[in-house]
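Asks: Provided herewith: query_32.cif, mmCIF, C-alpha atoms.
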```cif
data_protein
loop_
_atom_site.label_atom_id
_atom_site.label_comp_id
_atom_site.auth_asym_id
_atom_site.auth_seq_id
_atom_site.Cartn_x
_atom_site.Cartn_y
_atom_site.Cartn_z
CA MET M 1 0.00 0.00 0.00
CA THR M 2 1.13 3.52 -0.68
CA ILE M 3 0.86 6.15 2.05
CA LEU M 4 0.59 9.61 0.59
CA VAL M 5 1.17 12.34 3.14
CA LEU M 6 -0.58 15.68 2.99
CA GLN M 7 2.02 17.51 5.01
CA SER M 8 1.51 20.62 7.06
CA GLU M 9 4.01 23.44 6.79
CA SER M 10 7.41 22.64 8.29
CA VAL M 11 8.76 24.56 11.28
CA GLU M 12 12.47 25.23 11.90
CA SER M 13 13.86 24.31 15.31
CA ASP M 14 17.22 25.44 16.67
CA GLU M 15 19.07 22.48 15.18
CA GLN M 16 16.82 20.67 12.71
CA GLN M 17 13.67 21.16 10.75
CA ASN M 18 10.58 19.62 12.35
CA VAL M 19 8.28 17.60 10.10
CA THR M 20 4.74 17.21 11.34
CA ILE M 21 2.06 14.76 10.29
CA GLU M 22 -1.54 14.13 11.28
CA GLU M 23 -2.60 10.48 11.36
CA GLU M 24 -5.96 11.28 9.77
CA GLU M 25 -4.13 12.83 6.81
CA LEU M 26 -2.79 9.47 5.61
CA ILE M 27 -4.27 8.30 2.32
CA LEU M 28 -3.70 4.64 1.45
CA GLU M 29 -3.37 3.51 -2.16
CA GLY M 30 -1.66 0.68 -4.03
CA GLY M 31 2.12 0.37 -3.58
CA PHE M 32 4.45 -1.46 -1.19
CA SER M 33 2.60 -4.45 0.24
CA VAL M 34 3.47 -6.23 3.45
CA PRO M 35 4.63 -9.82 2.80
CA ASN M 36 3.13 -12.66 4.81
CA THR M 37 6.45 -14.16 5.90
CA ASN M 38 10.09 -13.19 6.43
CA SER M 39 13.06 -14.42 4.39
CA PHE M 40 12.98 -17.74 6.32
CA GLY M 41 9.27 -18.37 5.63
CA HIS M 42 8.27 -17.57 9.24
CA ASN M 43 6.11 -14.83 10.70
CA PHE M 44 7.94 -11.55 11.32
CA ARG M 45 9.39 -11.04 14.82
CA ASP M 46 8.22 -14.47 15.95
CA TYR M 47 10.60 -15.23 18.81
CA ASN M 48 8.90 -18.53 19.69
CA VAL M 49 9.16 -20.47 16.41
CA GLU M 50 11.44 -23.49 16.70
CA SER M 51 14.62 -23.08 14.65
CA ASP M 52 18.37 -23.08 15.14
CA ARG M 53 18.45 -19.35 14.42
CA GLN M 54 15.80 -18.67 17.07
CA LYS M 55 17.88 -20.44 19.70
CA GLY M 56 20.76 -18.14 18.89
CA VAL M 57 18.47 -15.10 19.00
CA GLU M 58 17.20 -16.03 22.48
CA GLU M 59 20.73 -16.52 23.77
CA PHE M 60 21.61 -13.11 22.32
CA TYR M 61 18.80 -11.46 24.30
CA ARG M 62 19.74 -13.28 27.49
CA THR M 63 23.24 -11.82 27.29
CA GLN M 64 21.99 -8.37 26.28
CA HIS M 65 19.43 -8.11 29.07
CA ILE M 66 21.95 -9.11 31.73
CA ASN M 67 24.67 -6.68 30.63
CA GLN M 68 22.84 -3.53 29.53
CA THR M 69 22.86 -1.62 32.84
CA TYR M 70 22.54 2.10 33.54
CA ASP M 71 26.25 2.39 34.38
CA PHE M 72 27.28 0.45 31.26
CA VAL M 73 25.20 2.70 28.99
CA LYS M 74 26.53 5.86 30.61
CA ARG M 75 30.11 4.71 30.11
CA MET M 76 29.59 3.69 26.48
CA ARG M 77 27.87 6.95 25.56
CA GLU M 78 30.74 8.90 27.06
CA ASP M 79 33.37 6.83 25.26
CA TYR M 80 31.74 6.65 21.83
CA GLY M 81 30.30 10.15 22.01
CA LYS M 82 33.84 11.43 21.48
CA LEU M 83 33.60 10.29 17.83
CA ASN M 84 37.32 9.62 17.62
CA CYS M 85 37.30 6.22 15.89
CA VAL M 86 37.64 7.12 12.19
CA GLU M 87 36.65 9.68 9.56
CA MET M 88 34.74 8.43 6.53
CA SER M 89 31.76 9.17 4.31
CA ILE M 90 28.24 7.81 4.72
CA TRP M 91 28.57 5.61 1.62
CA ASP M 92 31.90 4.18 2.78
CA CYS M 93 30.13 3.18 5.98
CA CYS M 94 27.33 1.49 4.01
CA GLU M 95 29.91 -0.63 2.18
CA LEU M 96 31.69 -1.47 5.42
CA LEU M 97 28.49 -3.06 6.75
CA ASN M 98 28.60 -5.68 4.00
CA GLU M 99 30.75 -7.78 6.32
CA PHE M 100 28.10 -8.22 9.02
CA VAL M 101 24.89 -10.14 9.73
CA ASP M 102 22.69 -9.11 12.69
CA GLU M 103 22.53 -12.04 15.16
CA SER M 104 19.50 -10.55 16.96
CA ASP M 105 17.31 -10.48 13.84
CA PRO M 106 14.99 -13.49 13.43
CA ASP M 107 13.88 -12.29 9.98
CA LEU M 108 17.08 -11.81 7.98
CA ASP M 109 20.51 -13.31 7.47
CA GLU M 110 21.67 -11.11 4.58
CA PRO M 111 24.53 -8.56 4.73
CA GLN M 112 23.34 -5.28 6.16
CA ILE M 113 23.65 -3.17 3.00
CA GLU M 114 20.94 -5.35 1.44
CA HIS M 115 18.52 -4.42 4.22
CA LEU M 116 19.46 -0.72 4.08
CA LEU M 117 18.67 -0.49 0.38
CA GLN M 118 15.53 -2.63 0.65
CA THR M 119 14.20 -0.28 3.31
CA ALA M 120 15.17 2.92 1.49
CA GLU M 121 13.79 1.79 -1.87
CA ALA M 122 10.49 0.61 -0.37
CA ILE M 123 10.06 4.03 1.28
CA ARG M 124 11.06 5.83 -1.92
CA LYS M 125 8.36 3.95 -3.83
CA ASP M 126 5.60 5.12 -1.51
CA TYR M 127 7.00 8.54 -0.50
CA PRO M 128 8.67 9.89 -3.66
CA ASN M 129 8.75 13.47 -2.34
CA GLU M 130 10.12 12.76 1.16
CA ASP M 131 13.80 12.46 0.30
CA TRP M 132 14.83 12.85 3.97
CA LEU M 133 12.89 9.67 4.73
CA HIS M 134 14.62 7.81 1.88
CA LEU M 135 18.01 8.75 3.31
CA THR M 136 16.90 7.86 6.84
CA GLY M 137 16.01 4.41 5.55
CA LEU M 138 19.47 4.06 4.05
CA ILE M 139 21.44 5.15 7.12
CA HIS M 140 19.30 4.02 10.05
CA ASP M 141 21.44 0.94 10.77
CA LEU M 142 24.90 2.37 10.03
CA GLY M 143 25.73 2.37 13.73
CA LYS M 144 26.29 -1.37 13.37
CA VAL M 145 29.84 -0.51 12.30
CA LEU M 146 30.50 -0.79 16.05
CA LEU M 147 31.00 -4.47 15.23
CA HIS M 148 34.05 -3.59 13.11
CA PRO M 149 37.61 -3.76 14.53
CA ASP M 150 38.14 -0.06 13.75
CA PHE M 151 35.31 0.70 16.20
CA GLY M 152 36.37 -1.64 18.97
CA GLU M 153 34.70 -4.78 17.58
CA LEU M 154 31.98 -4.66 20.22
CA PRO M 155 29.99 -7.82 20.99
CA GLN M 156 26.65 -8.03 19.21
CA TRP M 157 24.68 -7.58 22.45
CA ALA M 158 26.21 -4.07 22.74
CA VAL M 159 25.32 -3.15 19.15
CA VAL M 160 22.08 -4.73 17.90
CA GLY M 161 18.74 -5.98 19.18
CA ASP M 162 15.64 -4.28 20.55
CA THR M 163 16.41 -1.24 22.68
CA PHE M 164 14.81 -0.17 25.96
CA PRO M 165 15.28 2.53 28.62
CA VAL M 166 17.72 1.94 31.46
CA GLY M 167 17.38 3.75 34.76
CA CYS M 168 13.76 2.72 35.25
CA ALA M 169 11.76 -0.52 35.39
CA PHE M 170 12.08 -2.90 32.43
CA ASP M 171 8.65 -3.16 30.82
CA GLU M 172 7.26 -6.67 30.34
CA SER M 173 6.64 -5.96 26.64
CA VAL M 174 10.39 -6.09 25.96
CA VAL M 175 11.19 -9.36 24.17
CA HIS M 176 12.52 -12.14 26.45
CA HIS M 177 11.81 -9.98 29.50
CA LYS M 178 12.51 -12.87 31.88
CA TYR M 179 16.26 -12.45 31.50
CA PHE M 180 16.20 -8.97 33.03
CA LYS M 181 15.98 -10.67 36.43
CA GLU M 182 19.73 -11.29 36.14
CA ASN M 183 20.46 -7.62 35.39
CA PRO M 184 21.98 -5.84 38.43
CA ASP M 185 19.56 -2.91 37.93
CA TYR M 186 16.51 -5.18 38.27
CA ASN M 187 16.65 -5.11 42.08
CA ASN M 188 18.14 -1.64 42.45
CA PRO M 189 15.49 0.62 44.04
CA SER M 190 16.92 3.63 42.22
CA TYR M 191 16.21 2.03 38.84
CA ASN M 192 13.36 -0.48 39.23
CA THR M 193 10.33 1.80 39.55
CA LYS M 194 8.06 3.10 36.79
CA PHE M 195 9.89 6.43 36.54
CA GLY M 196 13.23 5.49 38.08
CA VAL M 197 15.62 8.42 37.63
CA TYR M 198 13.19 10.17 35.22
CA SER M 199 9.97 12.16 35.52
CA GLU M 200 6.66 12.15 33.70
CA GLY M 201 6.85 13.80 30.27
CA CYS M 202 10.59 14.44 30.62
CA GLY M 203 11.16 13.65 26.94
CA LEU M 204 12.96 10.67 25.44
CA ASN M 205 15.99 12.84 24.71
CA ASN M 206 16.53 12.87 28.49
CA VAL M 207 16.16 9.09 28.82
CA MET M 208 19.15 6.76 28.49
CA MET M 209 18.46 3.85 26.17
CA SER M 210 20.32 0.55 26.06
CA PHE M 211 23.49 1.22 24.11
CA GLY M 212 23.76 0.11 20.52
CA HIS M 213 23.78 1.11 16.88
CA ASP M 214 20.65 3.28 17.15
CA ASP M 215 21.98 5.68 19.74
CA TYR M 216 25.47 5.67 18.24
CA MET M 217 24.23 6.64 14.75
CA TYR M 218 22.09 9.34 16.33
CA LEU M 219 25.18 10.76 18.05
CA VAL M 220 27.16 10.60 14.79
CA ALA M 221 24.44 12.38 12.81
CA LYS M 222 23.77 15.05 15.42
CA GLU M 223 27.40 15.88 16.19
CA ASN M 224 28.29 16.04 12.49
CA LYS M 225 25.57 18.69 12.04
CA THR M 226 23.17 16.79 9.79
CA THR M 227 20.30 18.82 8.36
CA LEU M 228 17.86 15.91 8.57
CA PRO M 229 14.58 16.95 10.25
CA SER M 230 14.04 16.01 13.89
CA ALA M 231 11.73 13.18 12.78
CA GLY M 232 14.66 11.61 10.92
CA LEU M 233 16.88 11.72 13.99
CA PHE M 234 14.03 10.31 16.11
CA ILE M 235 13.66 7.38 13.70
CA ILE M 236 17.40 6.68 13.76
CA ARG M 237 17.55 6.75 17.55
CA TYR M 238 14.39 4.77 18.37
CA HIS M 239 13.73 2.43 15.41
CA SER M 240 14.65 -0.59 17.58
CA PHE M 241 12.54 0.63 20.53
CA TYR M 242 9.76 -1.89 19.81
CA ALA M 243 8.32 -1.70 23.31
CA LEU M 244 7.31 1.86 22.44
CA HIS M 245 6.19 1.74 18.84
CA ARG M 246 4.63 -1.73 18.97
CA ALA M 247 3.38 -2.02 22.57
CA ASP M 248 2.97 1.68 23.54
CA ALA M 249 5.14 1.15 26.63
CA TYR M 250 7.06 4.03 28.25
CA LYS M 251 4.74 6.66 26.78
CA HIS M 252 4.65 8.33 30.21
CA LEU M 253 8.20 9.55 29.52
CA MET M 254 7.40 11.17 26.18
CA SER M 255 7.25 14.89 25.37
CA GLU M 256 4.85 16.50 22.89
CA GLU M 257 7.60 16.51 20.24
CA ASP M 258 8.19 12.79 20.86
CA ILE M 259 4.50 12.09 20.32
CA GLU M 260 4.57 13.93 16.98
CA ASN M 261 7.73 12.18 15.81
CA LEU M 262 6.39 8.77 16.87
CA LYS M 263 3.85 9.00 14.05
CA TRP M 264 6.70 9.05 11.54
CA LEU M 265 8.51 6.23 13.33
CA LYS M 266 5.46 3.98 13.12
CA ILE M 267 5.27 4.64 9.39
CA PHE M 268 8.97 3.94 8.98
CA ASN M 269 8.75 0.72 10.99
CA LYS M 270 6.62 -0.96 8.32
CA TYR M 271 9.38 -0.54 5.79
CA ASP M 272 12.20 -1.37 8.20
CA LEU M 273 10.55 -4.60 9.32
CA TYR M 274 8.60 -5.88 6.33
CA SER M 275 10.96 -5.00 3.46
CA LYS M 276 13.33 -7.78 4.59
CA SER M 277 13.28 -10.29 1.75
CA LYS M 278 15.46 -12.11 -0.77
CA VAL M 279 14.75 -9.44 -3.42
CA ARG M 280 18.08 -7.99 -4.54
CA ILE M 281 18.70 -4.29 -5.16
CA ASP M 282 20.90 -3.09 -8.05
CA VAL M 283 23.35 -1.08 -5.94
CA GLU M 284 25.09 0.69 -8.83
CA LYS M 285 21.76 1.75 -10.31
CA VAL M 286 20.50 3.48 -7.16
CA LYS M 287 23.87 4.68 -5.83
CA PRO M 288 23.90 8.10 -7.63
CA TYR M 289 20.52 9.02 -6.14
CA TYR M 290 21.57 8.24 -2.57
CA LEU M 291 24.92 9.97 -3.01
CA SER M 292 22.99 13.13 -3.92
CA LEU M 293 20.92 12.85 -0.73
CA ILE M 294 24.01 12.29 1.38
CA GLU M 295 25.54 15.45 -0.11
CA LYS M 296 22.34 17.37 0.68
CA TYR M 297 22.03 16.36 4.33
CA PHE M 298 25.57 15.52 5.51
CA PRO M 299 29.16 16.75 5.19
CA GLU M 300 31.44 14.81 2.82
CA LYS M 301 33.37 13.21 5.69
CA LEU M 302 31.99 12.42 9.13
CA ARG M 303 33.65 11.80 12.47
CA TRP M 304 32.67 8.38 13.82
#
```
Give the structure from this file in structure tokens form.

Replies:
Amino acid sequence: MTILVLQSESVESDEQQNVTIEEEELILEGGFSVPNTNSFGHNFRDYNVESDRQKGVEEFYRTQHINQTYDFVKRMREDYGKLNCVEMSIWDCCELLNEFVDESDPDLDEPQIEHLLQTAEAIRKDYPNEDWLHLTGLIHDLGKVLLHPDFGELPQWAVVGDTFPVGCAFDESVVHHKYFKENPDYNNPSYNTKFGVYSEGCGLNNVMMSFGHDDYMYLVAKENKTTLPSAGLFIIRYHSFYALHRADAYKHLMSEEDIENLKWLKIFNKYDLYSKSKVRIDVEKVKPYYLSLIEKYFPEKLRW
């Protein structure tokens, strides 16, 4: 289905342009259609189906849930927020991801650049005039370069997988929630209440999320002065926050701007999740278009 957006006038913020959207303004027509199964022939995000890959996915989440603590996240954000690993272009980073497969993903075992282009091209088909959204689709997973030796070769549990807030109670909607019981923060009275160290409506920008590629790519984009709208940065930072955009958990922490941007994230999620297939993209054919978008919204070289 195609989603045509009748967009209200954009408003400039201090750092980025805000893009607003009203849910009742969405008009659905023929276009990208959601497939019935993932690239393995299973339902999407089915963490209970019996398969060798699923066993590995569950073990991944056990390790992630035990180790992603408030103190760990704070330390990683401080270290990687310095952006002193390498300097390279956005496209160079896309090509670097060809070496990796996401162990947390039950729906795909292809190199990451395949997924990036599948997502971007599916969005482009339905939103031909929203070039910022096309580019967001291309770059949303680039933070997975944290798996590369030049970036410290972090373990997968510190890079990929569903994200969730730390510093407050772990919501039961988070996949494989049972393993949080082994996380040191689970029994810490400072962190195990509904609000924890936060307050109602404080805004997600003031909430620390489990560390990984989402938050890292957000830091890279923001600190390199991208001109993507705030909705693009929101998508990059929270696209793996399924407890929020699939289960409506943690909404008590959201600001008004978060609520507006969440509408775009929910649209994006369809393409991020359901465009995963064995359909191949002609990289050389689409490369000139995406290079032009990169030039529009980013500097030639970025600090990572």

Asks: Taking only C-alpha atoms into account, which of M:Ser210, M:Ser89, M:Asn84, M:Gln54 comes nearest M:Phe164?

Replies: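 When distances to M:Phe164 are compared using only C-alpha atoms, the smallest one comes from M:Ser210.
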
Asks: Evaluate the PyMOL selection byres ((chain M and resi 294) around 12) on the structure here and hand back the selected residues as a PyMOL selection string.

Replies: chain M and resi 89-94+131-139+221+226-228+287-293+295-302

Asks: Could you state the separation of atom CA of M:Asp272 and atom CA of M:Lys82 in Å, given to one decimal place?

Replies: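 Distance reported for this atom pair: 28.4 Å.
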
Asks: What gap, in Å, lies between atom CA of M:Leu204 and atom CA of M:Leu244?

Replies: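 Here the two named atoms are 10.9 Å from each other.
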
Asks: So which residues are close to (8.4, 5.9, 11.5), meaning at most 10 Å away in the file's coordinates with all atoms listed in the file counted, and can you show them as a PyMOL selection string?

Replies: chain M and resi 133+136-137+231-232+234-236+238-239+245+261-272

Asks: One decimal, Å: what's the distance from atom CA of M:Ser240 over to atom CA of M:His213, could you say?

Replies: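 One can read the atom CA of M:Ser240 to atom CA of M:His213 distance as 9.3 Å.
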
Asks: From the list M:Tyr198, M:Met88, M:Phe100, M:Val175, which residue is nearest M:Met254 when using all atoms listed in the file?

Replies: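 Closest candidate: M:Tyr198.
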
Asks: With distances taken over only C-alpha atoms, which of M:His252, M:Lys178, M:His148, M:Arg280 is nearest to M:Gln118?

Replies: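 Comparing M:His252, M:Lys178, M:His148, M:Arg280 against M:Gln118, the winner is M:Arg280.
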
Asks: Counting all atoms listed in the file, which of M:Arg75, M:Lys285, M:Arg237, M:His65 gets nearest to M:Asp141?

Replies: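 Of M:Arg75, M:Lys285, M:Arg237, M:His65, the one nearest M:Asp141, counting all atoms listed in the file, is M:Arg237.
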
Asks: To verify the selection step, state as an NGL selection string which residues the PyMOL selection byres ((chain M and resi 171) around 8) yields on this input.

Replies: :M and (169-170 or 172-174 or 177 or 243 or 249-250)

Asks: Kindly resolve the PyMOL selection byres ((chain M and resi 63) around 12) on the present coordinates and return the residues as a list in words.

Replies: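 Applied to this file, the PyMOL selection byres ((chain M and resi 63) around 12) selects Gly56, Val57, Glu58, Glu59, Phe60, Tyr61, Arg62, Gln64, His65, Ile66, Asn67, Gln68, Thr69, Ser104, Pro155, Gln156, Trp157, Ala158, Val160, Gly161, His176, His177, Lys178, Tyr179, Phe180, Lys181, Glu182 and Asn183 of chain M.
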
Asks: Can I get the selected residues back with C-alpha atoms, as a tab-separated table (two decimals), keeping the file's coordinate frame?

Replies:
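Result written to result.tsv:
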```
chain	number	residue	atom	x	y	z
M	56	GLY	CA	20.76	-18.14	18.89
M	57	VAL	CA	18.47	-15.10	19.00
M	58	GLU	CA	17.20	-16.03	22.48
M	59	GLU	CA	20.73	-16.52	23.77
M	60	PHE	CA	21.61	-13.11	22.32
M	61	TYR	CA	18.80	-11.46	24.30
M	62	ARG	CA	19.74	-13.28	27.49
M	64	GLN	CA	21.99	-8.37	26.28
M	65	HIS	CA	19.43	-8.11	29.07
M	66	ILE	CA	21.95	-9.11	31.73
M	67	ASN	CA	24.67	-6.68	30.63
M	68	GLN	CA	22.84	-3.53	29.53
M	69	THR	CA	22.86	-1.62	32.84
M	104	SER	CA	19.50	-10.55	16.96
M	155	PRO	CA	29.99	-7.82	20.99
M	156	GLN	CA	26.65	-8.03	19.21
M	157	TRP	CA	24.68	-7.58	22.45
M	158	ALA	CA	26.21	-4.07	22.74
M	160	VAL	CA	22.08	-4.73	17.90
M	161	GLY	CA	18.74	-5.98	19.18
M	176	HIS	CA	12.52	-12.14	26.45
M	177	HIS	CA	11.81	-9.98	29.50
M	178	LYS	CA	12.51	-12.87	31.88
M	179	TYR	CA	16.26	-12.45	31.50
M	180	PHE	CA	16.20	-8.97	33.03
M	181	LYS	CA	15.98	-10.67	36.43
M	182	GLU	CA	19.73	-11.29	36.14
M	183	ASN	CA	20.46	-7.62	35.39
```

Asks: Pick out the closest residue to M:Val73 from this set: M:Glu114, M:His140, M:Leu96, M:Pro165. Count only C-alpha atoms.

Replies: M:Pro165

Asks: Counting all atoms listed in the file, I want the residues whose atoms come within 10 Å of (23.4, -1.2, 40.1) in the file frame, returned as a list of chain:residue names.

Replies: M:Thr69, M:Tyr70, M:Asp71, M:Phe72, M:Gly167, M:Asn183, M:Pro184, M:Asp185, M:Tyr186, M:Asn187, M:Asn188, M:Pro189, M:Ser190, M:Tyr191

Asks: Between M:Pro128, M:Pro149, M:Pro229, M:Gly81, which has the minimum distance to M:Glu99 (counting only C-alpha atoms)?

Replies: M:Pro149

Asks: Generate the missing atoms of stretch 72-91 of chain M up to N, CA and C atoms and report them as a CSV table (one decimal), in the frame of the given file.

Replies:
```
chain,number,residue,atom,x,y,z
M,72,PHE,N,26.7,0.9,32.5
M,72,PHE,CA,27.3,0.4,31.3
M,72,PHE,C,26.9,1.4,30.1
M,73,VAL,N,25.6,1.8,30.0
M,73,VAL,CA,25.2,2.7,29.0
M,73,VAL,C,25.9,4.1,29.2
M,74,LYS,N,25.9,4.6,30.4
M,74,LYS,CA,26.5,5.9,30.6
M,74,LYS,C,28.0,5.9,30.2
M,75,ARG,N,28.7,4.8,30.5
M,75,ARG,CA,30.1,4.7,30.1
M,75,ARG,C,30.3,4.6,28.6
M,76,MET,N,29.5,3.8,27.9
M,76,MET,CA,29.6,3.7,26.5
M,76,MET,C,29.2,5.0,25.7
M,77,ARG,N,28.2,5.7,26.2
M,77,ARG,CA,27.9,7.0,25.6
M,77,ARG,C,29.0,8.0,25.7
M,78,GLU,N,29.6,8.0,26.8
M,78,GLU,CA,30.7,8.9,27.1
M,78,GLU,C,31.9,8.5,26.2
M,79,ASP,N,32.2,7.3,26.1
M,79,ASP,CA,33.4,6.8,25.3
M,79,ASP,C,33.1,7.0,23.8
M,80,TYR,N,32.0,6.6,23.3
M,80,TYR,CA,31.7,6.6,21.8
M,80,TYR,C,31.2,8.0,21.4
M,81,GLY,N,30.7,8.8,22.3
M,81,GLY,CA,30.3,10.2,22.0
M,81,GLY,C,31.4,11.1,21.6
M,82,LYS,N,32.7,10.6,21.9
M,82,LYS,CA,33.8,11.4,21.5
M,82,LYS,C,34.1,11.4,20.0
M,83,LEU,N,33.5,10.4,19.3
M,83,LEU,CA,33.6,10.3,17.8
M,83,LEU,C,35.1,10.4,17.4
M,84,ASN,N,35.9,9.6,18.0
M,84,ASN,CA,37.3,9.6,17.6
M,84,ASN,C,37.8,8.3,17.0
M,85,CYS,N,36.9,7.5,16.5
M,85,CYS,CA,37.3,6.2,15.9
M,85,CYS,C,37.9,6.4,14.5
M,86,VAL,N,37.2,6.9,13.6
M,86,VAL,CA,37.6,7.1,12.2
M,86,VAL,C,36.9,8.3,11.6
M,87,GLU,N,37.4,8.7,10.4
M,87,GLU,CA,36.6,9.7,9.6
M,87,GLU,C,36.4,9.0,8.2
M,88,MET,N,35.1,9.0,7.8
M,88,MET,CA,34.7,8.4,6.5
M,88,MET,C,33.4,9.0,6.1
M,89,SER,N,33.0,8.7,4.8
M,89,SER,CA,31.8,9.2,4.3
M,89,SER,C,30.6,8.2,4.7
M,90,ILE,N,29.4,8.7,4.5
M,90,ILE,CA,28.2,7.8,4.7
M,90,ILE,C,28.3,6.6,3.8
M,91,TRP,N,28.6,6.8,2.5
M,91,TRP,CA,28.6,5.6,1.6
M,91,TRP,C,29.7,4.6,2.0
```
